[in-house]
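What follows is a set of notes on a single structure, which appears directly below.
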Amino acid sequence: MNIENQRLMMTPITISQAQQLMVSPESYPDWLSVKYDSLWPDDGLKAMLPIYVEALENDRNEYGFGPWIILHKHKDMVIGDIGFKGKPVDGVVEIGYFISNIHRNQGYAKEAIDSMVHWAFSQEGVDTIAATCTSQNVPSCKVLEANGFKRTGEEDGLIVFETHKKTSWQK
């Protein structure tokens with residue numbers, strides 16, 4: 001299961017890939033057949049992987065609602081990751097993303113979020129996608145807003161954003 005747009009391909013991380021990333025994060029170019037970027041995987045993904053593996057081992061339906069690798073199709077390089085923090089709960093999934101520093105400010109986050117939002121809203125049980133961002137992370141807040149997310153409040157020092165399933169998200 002891959003999601004592609006003009007420049008990017010997103011692919012969900014399998015259990016074996018997650019386990020390899022946990023044990024030897026620098027080995028991914030060998031099994032992905034891509035160039036090495038020392039800035040990936042980031043600490044956020046590394047922290048999430050054990051939780052994701054446990055969730056997948058307990059419920060194969062978690063696949064797709066965890067982390068995805070973002071590959072630049074023309075550069076044959078991992079440029080970041082994107083994904084959800086689990087299956088929908090009461091119709092809501094939370095999205096998170098990371099773009100490696102050297103690939104920022106080139107529209108990749110906006111493209112990846114757009115593709116993932118379309119995918120999520122095509123899944124049964126997803127009505128709302130939430131995201132959080134620190135107030136200091138202005139570029140990330142702007143990317144969410146550019147993708148149709150609206151600020152809905154603050155929680156634990158984070159700005160909360162949401163977008164809701166609507167006809168314009170349908171392909």
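Ligands are numbered from 1 in the order shown, chains are lettered A, B, ... in the order of the structure tokens, and residues start at 1 in each chain.
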Task: For His118 of chain A: contacts at 12 Å, only C-alpha atoms, fewer than 2 positions along chain excluded, given as a PyMOL selection string - done: chain A and resi 3-5+111-116+120-123+126-129+147-148+163-171
Task: Residues near segment 83-97 of chain A, cut-off 8 Å, only C-alpha atoms, skip fewer than 2 positions along chain, as a PyMOL selection string - done: chain A and resi 61-62+64-68+80-81+99+109+116+125-132
- [ ] Give me the residues within 8 Å of segment 42-55 of chain A as a ChimeraX atom specification, counting only C-alpha atoms and dropping any in the same chain fewer than 2 places off.
- [x] /A:15,18-19,21-22,39-40,57-60,62,66-67,81,98
Deliver the residues from the most recent selection as a file, using C-alpha atoms, as a PDB file, in the first residue's frame.
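Now in again-v6.pdb:
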ATOM      1  CA  ILE A  15       6.769  -4.481  11.668  1.00  0.00           C
ATOM      2  CA  ALA A  18      10.197  -0.785  12.446  1.00  0.00           C
ATOM      3  CA  GLN A  19      12.257  -3.430  14.225  1.00  0.00           C
ATOM      4  CA  LEU A  21      14.963   0.958  12.524  1.00  0.00           C
ATOM      5  CA  MET A  22      14.915   0.373  16.286  1.00  0.00           C
ATOM      6  CA  LEU A  39      19.000  13.288   9.893  1.00  0.00           C
ATOM      7  CA  TRP A  40      16.455  10.472   9.501  1.00  0.00           C
ATOM      8  CA  GLU A  57       1.387  -7.183  16.901  1.00  0.00           C
ATOM      9  CA  ASN A  58      -1.898  -6.897  18.808  1.00  0.00           C
ATOM     10  CA  ASP A  59      -4.021  -5.675  15.875  1.00  0.00           C
ATOM     11  CA  ARG A  60      -3.026  -5.946  12.213  1.00  0.00           C
ATOM     12  CA  GLU A  62      -3.319  -0.712  12.900  1.00  0.00           C
ATOM     13  CA  GLY A  66       1.006   4.337  12.174  1.00  0.00           C
ATOM     14  CA  PRO A  67       4.151   5.877  10.691  1.00  0.00           C
ATOM     15  CA  ASP A  81       8.025  10.547   7.821  1.00  0.00           C
ATOM     16  CA  PHE A  98       8.727  15.234  10.194  1.00  0.00           C
TER      17      PHE A  98
END
- [ ] Any chance you could list, as a PyMOL selection string, the residues in chain A that come up alpha helix (DSSP H) when DSSP is run on the backbone?
- [x] chain A and resi 15-23+28-32+43-58+108-121+138-146
